$ cat model-v2.txt   # compact mmCIF, C-alpha atoms
# COMPACT_ATOMS: atom_id res chain seq x y z
CA MET A 1 -2.01 -6.53 0.46
CA ALA A 2 -0.25 -4.92 3.26
CA SER A 3 -0.38 -3.46 -0.09
CA GLU A 4 -1.38 -0.58 0.85
CA ASP A 5 0.43 -0.74 3.80
CA VAL A 6 4.19 -1.28 3.58
CA LYS A 7 4.42 -0.15 0.07
CA THR A 8 3.04 3.37 0.02
CA SER A 9 5.24 6.15 -1.33
CA GLU A 10 4.39 8.59 1.45
CA SER A 11 5.64 6.06 3.98
CA ALA A 12 9.02 6.10 2.28
CA VAL A 13 9.07 9.90 2.31
CA SER A 14 8.15 10.01 6.01
CA LYS A 15 10.96 7.59 6.89
CA ILE A 16 13.45 9.70 4.96
CA VAL A 17 12.23 12.73 6.90
CA ASN A 18 12.86 10.96 10.20
CA PHE A 19 16.28 9.72 9.12
CA ALA A 20 17.25 13.19 7.90
CA GLY A 21 16.24 14.80 11.17
CA GLU A 22 17.94 12.18 13.34
CA ALA A 23 21.12 12.26 11.27
CA LYS A 24 21.40 16.02 11.49
CA LEU A 25 20.92 16.04 15.25
CA ALA A 26 23.35 13.16 15.72
CA LYS A 27 25.95 14.88 13.55
CA GLU A 28 25.76 18.00 15.71
CA GLU A 29 25.85 15.82 18.86
CA ILE A 30 23.17 17.82 20.63
CA LYS A 31 19.86 16.96 22.21
CA PRO A 32 16.81 18.10 20.27
CA THR A 33 15.41 21.44 21.44
CA LYS A 34 11.73 22.31 21.49
CA TYR A 35 12.22 24.22 18.26
CA GLN A 36 13.85 21.23 16.58
CA VAL A 37 11.08 18.91 17.76
CA TYR A 38 8.55 21.41 16.41
CA SER A 39 10.43 21.50 13.10
CA ILE A 40 10.39 17.69 12.83
CA CYS A 41 6.63 17.68 13.60
CA LYS A 42 6.08 20.12 10.75
CA SER A 43 8.14 17.84 8.54
CA LEU A 44 5.83 14.97 9.42
CA VAL A 45 2.82 17.14 8.55
CA ALA A 46 4.45 17.91 5.21
CA GLY A 47 4.98 14.19 4.68
CA GLY A 48 1.31 13.48 5.42
CA VAL A 49 0.15 16.16 2.97
CA ALA A 50 2.56 14.86 0.32
CA GLY A 51 1.23 11.35 0.78
CA GLY A 52 -2.37 12.49 0.48
CA VAL A 53 -1.69 14.49 -2.68
CA SER A 54 0.28 11.67 -4.34
CA ARG A 55 -2.35 9.03 -3.56
CA THR A 56 -5.13 11.30 -4.78
CA ALA A 57 -3.28 11.88 -8.04
CA VAL A 58 -2.97 8.17 -8.79
CA ALA A 59 -6.34 7.17 -7.26
CA PRO A 60 -7.98 6.46 -10.67
CA LEU A 61 -5.24 3.90 -11.40
CA GLU A 62 -5.75 2.35 -7.96
CA ARG A 63 -9.49 2.01 -8.56
CA LEU A 64 -8.92 0.54 -12.03
CA LYS A 65 -6.50 -1.99 -10.56
CA ILE A 66 -9.09 -3.24 -8.08
CA LEU A 67 -11.83 -3.32 -10.74
CA LEU A 68 -9.61 -5.44 -12.98
CA GLN A 69 -8.75 -7.78 -10.10
CA VAL A 70 -12.36 -8.65 -9.32
CA GLN A 71 -13.91 -8.23 -12.78
CA ASN A 72 -16.55 -10.86 -13.47
CA PRO A 73 -15.08 -13.28 -16.06
CA HIS A 74 -18.55 -13.80 -17.56
CA ASN A 75 -18.93 -10.13 -18.41
CA ILE A 76 -15.56 -8.58 -19.27
CA LYS A 77 -15.91 -4.89 -20.08
CA TYR A 78 -12.24 -3.97 -20.60
CA ASN A 79 -8.88 -5.70 -20.64
CA GLY A 80 -6.26 -2.97 -20.44
CA THR A 81 -5.37 0.22 -18.58
CA VAL A 82 -6.29 2.74 -21.29
CA GLN A 83 -9.43 0.82 -22.25
CA GLY A 84 -10.45 0.60 -18.59
CA LEU A 85 -9.96 4.32 -17.93
CA LYS A 86 -11.96 5.15 -21.07
CA TYR A 87 -14.76 2.82 -19.94
CA ILE A 88 -14.94 4.46 -16.50
CA TRP A 89 -15.09 7.88 -18.15
CA ARG A 90 -17.79 6.80 -20.60
CA THR A 91 -20.03 5.09 -18.03
CA GLU A 92 -19.42 7.18 -14.89
CA GLY A 93 -17.75 10.35 -16.12
CA PHE A 94 -15.39 12.31 -13.92
CA ARG A 95 -17.28 11.05 -10.86
CA GLY A 96 -15.82 7.63 -11.59
CA TYR A 97 -12.38 9.08 -10.99
CA SER A 98 -13.41 11.40 -8.14
CA ARG A 99 -15.05 8.40 -6.44
CA ALA A 100 -11.58 6.91 -6.22
CA THR A 101 -10.23 10.15 -4.76
CA ALA A 102 -12.91 10.17 -2.07
CA LEU A 103 -12.10 6.57 -1.20
CA ILE A 104 -8.44 7.42 -0.68
CA VAL A 105 -9.49 10.04 1.86
CA LEU A 106 -11.99 7.68 3.51
CA GLU A 107 -9.32 5.04 3.80
CA LEU A 108 -7.85 7.01 6.70
CA SER A 109 -4.37 6.41 5.39
CA GLN A 110 -2.97 8.83 7.96
CA ILE A 111 -4.23 6.55 10.75
CA GLN A 112 -2.82 3.52 8.97
CA ARG A 113 0.55 5.17 8.57
CA SER A 114 0.64 6.42 12.18
CA SER A 115 -0.38 3.04 13.62
CA SER A 116 2.14 1.27 11.41
CA SER A 117 4.92 3.58 12.58
CA ALA A 118 3.97 3.20 16.24
CA MET A 119 3.52 -0.55 16.11
CA SER A 120 6.76 -1.13 14.23
CA LYS A 121 8.80 -0.03 17.24
CA HIS A 122 7.53 -2.78 19.54
CA PRO A 123 8.44 -5.86 17.43
CA SER A 124 11.90 -4.36 16.85
CA ARG A 125 12.43 -3.79 20.57
CA GLY A 126 11.14 -7.25 21.45
CA ILE A 127 13.36 -9.00 18.89
CA LEU A 128 16.36 -6.87 19.92
CA TYR A 129 15.81 -7.76 23.61
CA MET A 130 15.63 -11.51 22.84
CA TYR A 131 18.72 -11.24 20.64
CA GLN A 132 20.67 -9.44 23.39
CA GLN A 133 19.62 -12.05 25.95
CA GLN A 134 20.63 -14.91 23.67
CA THR A 135 24.03 -13.45 22.81
CA GLY A 136 24.68 -12.13 26.32
CA ASN A 137 25.68 -8.79 24.82
CA GLU A 138 23.56 -5.87 26.00
CA ASP A 139 25.09 -3.62 23.35
CA ALA A 140 24.24 -5.95 20.46
CA GLN A 141 22.28 -4.45 17.57
CA LEU A 142 19.86 -6.09 15.19
CA THR A 143 21.36 -7.81 12.15
CA PRO A 144 19.85 -7.11 8.69
CA VAL A 145 17.95 -10.42 8.83
CA LEU A 146 16.48 -9.61 12.24
CA ARG A 147 15.55 -6.14 11.07
CA LEU A 148 13.80 -7.75 8.12
CA ALA A 149 11.89 -10.04 10.49
CA ALA A 150 10.96 -7.11 12.71
CA GLY A 151 9.73 -5.17 9.69
CA ALA A 152 7.60 -8.11 8.54
CA CYS A 153 6.10 -8.48 12.04
CA ALA A 154 5.36 -4.76 12.22
CA GLY A 155 3.74 -4.86 8.79
CA ILE A 156 1.52 -7.79 9.75
CA ILE A 157 0.44 -6.16 13.03
CA ALA A 158 -0.36 -2.81 11.42
CA MET A 159 -2.12 -4.46 8.48
CA SER A 160 -4.24 -6.60 10.81
CA ALA A 161 -5.28 -3.58 12.87
CA THR A 162 -6.49 -1.62 9.84
CA TYR A 163 -7.61 -4.52 7.64
CA PRO A 164 -11.40 -4.00 8.07
CA MET A 165 -11.04 -0.53 6.53
CA ASP A 166 -9.18 -1.99 3.57
CA MET A 167 -11.79 -4.71 3.15
CA VAL A 168 -14.72 -2.30 2.90
CA ARG A 169 -12.64 0.04 0.73
CA GLY A 170 -12.39 -2.79 -1.79
CA ARG A 171 -16.16 -3.15 -1.87
CA LEU A 172 -16.76 0.59 -2.06
CA THR A 173 -14.36 0.78 -4.99
CA VAL A 174 -16.16 -1.72 -7.22
CA GLN A 175 -19.73 -0.53 -6.74
CA THR A 176 -21.22 1.93 -9.23
CA GLU A 177 -24.47 3.84 -9.60
CA LYS A 178 -25.92 0.77 -11.36
CA SER A 179 -25.13 -1.55 -8.46
CA PRO A 180 -28.21 -3.22 -6.91
CA TYR A 181 -27.28 -1.95 -3.46
CA GLN A 182 -25.12 0.98 -2.46
CA TYR A 183 -22.88 1.36 0.54
CA ARG A 184 -23.17 5.02 1.48
CA GLY A 185 -19.67 5.31 2.92
CA MET A 186 -16.94 3.68 4.95
CA PHE A 187 -18.80 3.52 8.26
CA HIS A 188 -22.09 2.48 6.66
CA ALA A 189 -20.24 -0.31 4.88
CA LEU A 190 -18.56 -1.43 8.12
CA SER A 191 -21.86 -1.53 10.01
CA THR A 192 -23.65 -3.31 7.14
CA VAL A 193 -21.00 -6.02 6.85
CA LEU A 194 -21.05 -6.55 10.62
CA ARG A 195 -24.84 -6.81 10.67
CA GLU A 196 -25.29 -9.03 7.61
CA GLU A 197 -22.12 -11.15 7.54
CA GLY A 198 -20.62 -11.00 11.02
CA PHE A 199 -17.29 -9.82 12.44
CA ARG A 200 -15.20 -12.48 10.65
CA ALA A 201 -16.31 -11.08 7.30
CA LEU A 202 -14.21 -7.97 7.98
CA TYR A 203 -11.11 -10.17 7.73
CA LYS A 204 -11.91 -12.01 4.50
CA GLY A 205 -8.71 -12.27 2.51
CA TRP A 206 -6.54 -11.67 5.57
CA LEU A 207 -4.50 -14.87 5.15
CA PRO A 208 -3.18 -14.13 1.62
CA SER A 209 -2.40 -10.61 2.84
CA VAL A 210 -0.25 -11.97 5.67
CA ILE A 211 1.48 -14.49 3.41
CA GLY A 212 2.14 -11.75 0.86
CA VAL A 213 4.06 -9.67 3.40
CA VAL A 214 6.93 -12.17 3.51
CA PRO A 215 7.93 -12.25 -0.18
CA TYR A 216 7.21 -8.55 -0.57
CA VAL A 217 9.33 -7.38 2.36
CA GLY A 218 12.06 -9.94 1.65
CA LEU A 219 12.40 -9.12 -2.04
CA ASN A 220 12.05 -5.41 -1.41
CA PHE A 221 14.94 -5.54 1.05
CA ALA A 222 17.13 -7.80 -1.09
CA VAL A 223 16.63 -5.90 -4.36
CA TYR A 224 17.11 -2.51 -2.70
CA GLU A 225 20.35 -3.53 -0.99
CA SER A 226 21.65 -5.20 -4.18
CA LEU A 227 20.92 -2.14 -6.29
CA LYS A 228 22.50 0.15 -3.73
CA GLU A 229 25.64 -2.01 -3.50
CA TRP A 230 25.94 -2.18 -7.32
CA LEU A 231 25.55 1.60 -7.69
CA LEU A 232 28.13 2.30 -4.98
CA LYS A 233 30.64 -0.01 -6.66
CA SER A 234 30.11 0.95 -10.30
CA ASN A 235 29.04 4.60 -9.84
CA PRO A 236 27.22 4.89 -13.20
CA TYR A 237 26.54 8.44 -14.44
CA GLY A 238 28.30 9.83 -11.36
CA LEU A 239 25.38 9.07 -9.05
CA VAL A 240 27.64 8.48 -6.03
CA GLU A 241 28.97 11.45 -4.05
CA ASP A 242 31.19 10.97 -1.00
CA ASN A 243 30.43 7.25 -1.10
CA GLU A 244 26.73 7.99 -0.63
CA LEU A 245 23.68 7.87 -2.90
CA GLY A 246 21.49 10.92 -3.31
CA VAL A 247 17.89 10.97 -2.10
CA VAL A 248 16.44 10.80 -5.62
CA THR A 249 18.64 7.78 -6.43
CA ARG A 250 17.53 6.05 -3.23
CA LEU A 251 13.90 6.73 -4.05
CA ALA A 252 14.46 5.27 -7.53
CA CYS A 253 16.03 2.16 -5.98
CA GLY A 254 13.10 1.90 -3.60
CA ALA A 255 10.61 2.19 -6.46
CA ALA A 256 12.43 -0.53 -8.44
CA ALA A 257 12.64 -2.81 -5.40
CA GLY A 258 8.97 -2.22 -4.56
CA THR A 259 7.92 -3.03 -8.12
CA VAL A 260 9.79 -6.35 -8.04
CA GLY A 261 8.32 -7.25 -4.65
CA GLN A 262 4.80 -6.32 -5.71
CA THR A 263 5.05 -8.31 -8.94
CA VAL A 264 6.06 -11.52 -7.16
CA ALA A 265 3.45 -11.14 -4.41
CA TYR A 266 0.75 -9.77 -6.72
CA PRO A 267 -1.27 -13.02 -7.20
CA LEU A 268 -1.91 -13.02 -3.44
CA ASP A 269 -3.27 -9.48 -3.73
CA VAL A 270 -5.68 -10.56 -6.49
CA ILE A 271 -6.91 -13.50 -4.40
CA ARG A 272 -7.28 -11.22 -1.38
CA ARG A 273 -9.55 -8.83 -3.30
CA ARG A 274 -11.65 -11.65 -4.70
CA MET A 275 -12.12 -13.21 -1.28
CA GLN A 276 -13.28 -9.84 0.06
CA MET A 277 -16.24 -9.96 -2.33
CA VAL A 278 -17.47 -13.36 -1.08
CA GLY A 279 -20.64 -13.21 0.98
CA TRP A 280 -21.64 -9.81 -0.39
CA SER A 281 -25.26 -9.92 -1.59
CA ASN A 282 -25.39 -9.54 -5.38
CA ALA A 283 -21.61 -9.36 -5.53
CA SER A 284 -21.43 -11.24 -8.83
CA SER A 285 -23.67 -8.66 -10.51
CA ILE A 286 -21.88 -5.76 -8.85
CA VAL A 287 -18.45 -6.77 -10.14
CA ALA A 288 -20.07 -7.30 -13.57
CA GLY A 289 -20.76 -3.58 -13.53
CA ASP A 290 -24.24 -3.61 -15.04
CA GLY A 291 -26.50 -5.02 -12.32
CA ARG A 292 -26.92 -8.43 -13.96
CA SER A 293 -25.92 -11.64 -12.22
CA LYS A 294 -23.48 -13.70 -14.26
CA GLY A 295 -22.81 -16.61 -11.95
CA PRO A 296 -21.99 -17.37 -8.32
CA LEU A 297 -19.06 -15.77 -6.56
CA GLU A 298 -18.04 -18.22 -3.86
CA TYR A 299 -14.70 -19.43 -2.53
CA THR A 300 -14.26 -21.71 0.46
CA GLY A 301 -10.77 -20.40 1.17
CA MET A 302 -7.51 -19.12 -0.30
CA ILE A 303 -6.54 -22.39 -2.04
CA ASP A 304 -10.03 -22.73 -3.51
CA ALA A 305 -9.86 -19.15 -4.80
CA PHE A 306 -6.50 -19.85 -6.47
CA ARG A 307 -7.79 -23.08 -8.00
CA LYS A 308 -11.03 -21.64 -9.38
CA THR A 309 -9.35 -18.49 -10.71
CA VAL A 310 -6.71 -20.44 -12.64
CA ARG A 311 -9.16 -23.11 -13.84
CA HIS A 312 -11.80 -20.70 -15.14
CA GLU A 313 -9.66 -17.75 -16.26
CA GLY A 314 -6.13 -19.05 -16.68
CA PHE A 315 -2.86 -18.22 -14.94
CA ARG A 316 -2.81 -14.69 -16.37
CA ALA A 317 -5.86 -13.83 -14.26
CA LEU A 318 -3.58 -13.80 -11.21
CA TYR A 319 -1.92 -10.69 -12.65
CA LYS A 320 -5.02 -8.72 -13.58
CA GLY A 321 -4.45 -5.06 -12.78
CA LEU A 322 -0.67 -5.35 -12.54
CA VAL A 323 -0.03 -2.75 -15.24
CA PRO A 324 -1.94 0.16 -13.61
CA ASN A 325 -0.50 -0.92 -10.26
CA SER A 326 3.07 -0.64 -11.63
CA VAL A 327 2.42 2.52 -13.63
CA LYS A 328 1.34 4.45 -10.54
CA VAL A 329 4.55 3.76 -8.58
CA VAL A 330 6.88 6.30 -10.21
CA PRO A 331 4.44 9.26 -10.47
CA SER A 332 3.25 8.59 -6.93
CA ILE A 333 6.77 8.83 -5.51
CA ALA A 334 7.67 11.82 -7.70
CA ILE A 335 4.52 13.75 -6.71
CA ALA A 336 5.06 12.92 -3.02
CA PHE A 337 8.68 14.10 -3.22
CA VAL A 338 7.90 17.42 -4.94
CA THR A 339 4.84 18.12 -2.77
CA TYR A 340 6.81 17.40 0.38
CA GLU A 341 9.49 19.94 -0.55
CA GLN A 342 6.89 22.60 -1.44
CA VAL A 343 4.87 22.14 1.76
CA LYS A 344 8.08 22.25 3.79
CA GLU A 345 8.93 25.62 2.30
CA LEU A 346 5.46 26.95 3.14
CA LEU A 347 5.80 25.72 6.74
CA GLY A 348 9.33 27.08 7.03
CA VAL A 349 10.98 23.76 7.87
CA GLU A 350 14.77 23.99 8.01
CA ILE A 351 15.59 20.26 7.93
CA ARG A 352 15.58 19.42 4.24
CA ILE A 353 15.29 16.01 2.71
CA SER A 354 18.71 16.49 1.13
CA ASP A 355 20.51 17.34 4.39
$ encode --input "model-v2.txt" --output "structure tokens"
Amino acid sequence: MASEDVKTSESAVSKIVNFAGEAKLAKEEIKPTKYQVYSICKSLVAGGVAGGVSRTAVAPLERLKILLQVQNPHNIKYNGTVQGLKYIWRTEGFRGYSRATALIVLELSQIQRSSSSAMSKHPSRGILYMYQQQTGNEDAQLTPVLRLAAGACAGIIAMSATYPMDMVRGRLTVQTEKSPYQYRGMFHALSTVLREEGFRALYKGWLPSVIGVVPYVGLNFAVYESLKEWLLKSNPYGLVEDNELGVVTRLACGAAAGTVGQTVAYPLDVIRRRMQMVGWSNASSIVAGDGRSKGPLEYTGMIDAFRKTVRHEGFRALYKGLVPNSVKVVPSIAIAFVTYEQVKELLGVEIRISD
């Protein structure tokens, strides 16, 4: 789901970097100098490195999540996180984990993040302009609800622009050395899908992805704001200083809010991944993991995919892979945070995340 998109830990770190830099400059009431702009650019580089390191560290869990989501119900090899990781190690060895690491790099997450950041400005400006025209107040600012709508629009636009890469990443993730046919890489997979299935195939599963943005962004926003308000009022364990929450506390609130949002929208992510497999030659045998066909893998649409999944595998099938998906949230954010601070020190960045 814009899964990968709105909910990545490095995105949160990058936003905090921007906010920290802007707040410091605003507090000093000065225009940014060339040196300050250079410092902020280095901070963004540090954020990109931190994101890459954190995603690489949890890549095995990401691959296991996708494998569980699309696992052929006629040939179940593993049911849990530990059992799944052991199975990958036994059948593919360390390459099974390093394959996931390579896929994270091939996903071009830096392009996704950059395009998402750039595109997010335009819906916000457009909605703000319409709001100012409607109210007749040129100084009016976006309300929380309008900001939420702008964020959802930005997420959908960015997700749509990079969706083909996510679609082929899903297919690259599930194939193994025993698969009947191998995609050799991201670009080979893109060209093969275009040649054999047509352009529309690159957007299989797009609809549940778009629908999933709404509950994810809405719940993420609501839970985060509720947690923040509760912490500011009750101040448990002395977490509040000068009526403000620390960066670590905010990251923890963001992780909790993201987990709630992902859990509610997760069935749409499962359906999205399953729809991405439709039309792929020998897909049913590939997701079985042993090169043997165990039945057709066909859905006529999102509703049909929901209906067949629940009828043949039960309601719990809509939450396959949720455990590894949730487990990776906290270490991913923690690794991104620590890596960001270390890279910043190496680059000599003065604006710190705690400023």
$ closest_atom_pairs --input "model-v2.txt" --of "region 159-269 of chain A" --to "region 92-95 of chain A" --cutoff "12 Å" --atoms "all atoms listed in the file" --output "Markdown table"
| residue | atom | partner | partner_atom | distance |
| --- | --- | --- | --- | --- |
| A:Gln175 | CA | A:Glu92 | CA | 11.2 |
| A:Thr176 | CA | A:Glu92 | CA | 7.9 |
| A:Glu177 | CA | A:Glu92 | CA | 8.0 |
| A:Lys178 | CA | A:Glu92 | CA | 9.8 |
$ atom_distance --input "model-v2.txt" --atom1 "CA of Leu146 (chain A)" --atom2 "CA of Val223 (chain A)"
17.0 Å
$ residues_around --input "model-v2.txt" --residues "Tyr319 (chain A)" --least-positions-apart "6" --cutoff "8 Å" --atoms "all atoms listed in the file" --output "compact mmCIF listing (two decimals) with C-alpha atoms, in the frame of the given file"
# COMPACT_ATOMS: atom_id res chain seq x y z
CA GLN A 69 -8.75 -7.78 -10.10
CA TYR A 266 0.75 -9.77 -6.72
CA PRO A 267 -1.27 -13.02 -7.20
CA VAL A 270 -5.68 -10.56 -6.49
$ residues_around --input "model-v2.txt" --residues "region 336-339 of chain A" --least-positions-apart "5" --cutoff "6 Å" --atoms "all atoms listed in the file" --output "ChimeraX atom specification"
/A:50-51,54
$ atom_distance --input "model-v2.txt" --atom1 "CA of Tyr340 (chain A)" --atom2 "CA of Gly254 (chain A)"
17.2 Å
$ residues_around --input "model-v2.txt" --residues "Leu61 (chain A)" --least-positions-apart "6" --cutoff "8 Å" --atoms "all atoms listed in the file" --output "count of residues only"
3
$ residues_around --input "model-v2.txt" --residues "Ala222 (chain A)" --least-positions-apart "4" --cutoff "10 Å" --atoms "all atoms listed in the file" --output "ChimeraX atom specification"
/A:148,216-218,226-228,257,261
$ atom_distance --input "model-v2.txt" --atom1 "CA of Val329 (chain A)" --atom2 "CA of Thr259 (chain A)"
7.6 Å
$ closest_residue --input "model-v2.txt" --among "A:Thr263, A:Thr143, A:Gln276, A:Asn220" --to "Lys320 (chain A)" --atoms "only C-alpha atoms"
A:Thr263
$ closest_residue --input "model-v2.txt" --among "A:Leu347, A:Ala189, A:Ala59, A:Ala150" --to "Leu44 (chain A)" --atoms "all atoms listed in the file"
A:Leu347
$ residues_around --input "model-v2.txt" --residues "Met275 (chain A)" --least-positions-apart "2" --cutoff "8 Å" --atoms "only C-alpha atoms" --output "PyMOL selection string"
chain A and resi 204-205+271-273+277-278+299+301-302+305
$ closest_residue --input "model-v2.txt" --among "A:Gly348, A:Gly52, A:Gly170, A:Gly136" --to "Ile66 (chain A)" --atoms "all atoms listed in the file"
A:Gly170
$ closest_residue --input "model-v2.txt" --among "A:Gly314, A:Lys344, A:Val240, A:Asp269" --to "Gly48 (chain A)" --atoms "all atoms listed in the file"
A:Lys344
$ axis_aligned_box --input "model-v2.txt" --around "region 148-158 of chain A" --padding-each-side "3 Å" --output "AutoDock Vina command-line options"
--center_x 6.7 --center_y -6.4 --center_z 10.6 --size_x 20.2 --size_y 13.2 --size_z 10.9
$ closest_residue --input "model-v2.txt" --among "A:Ser179, A:Ser326, A:Ser209, A:Gln133" --to "Ala255 (chain A)" --atoms "all atoms listed in the file"
A:Ser326
$ closest_residue --input "model-v2.txt" --among "A:Arg171, A:Arg311, A:His188, A:Lys233" --to "Arg274 (chain A)" --atoms "all atoms listed in the file"
A:Arg171
$ residues_near_point --input "model-v2.txt" --point "(20.9, 5.2, -6.0)" --cutoff "10 Å" --atoms "all atoms listed in the file" --output "list in words"
Tyr224, Leu227, Lys228, Glu229, Trp230, Leu231, Leu232, Asn235, Pro236, Leu239, Val240, Glu244, Leu245, Gly246, Val247, Val248, Thr249, Arg250, Leu251, Ala252, Cys253 and Gly254 of chain A
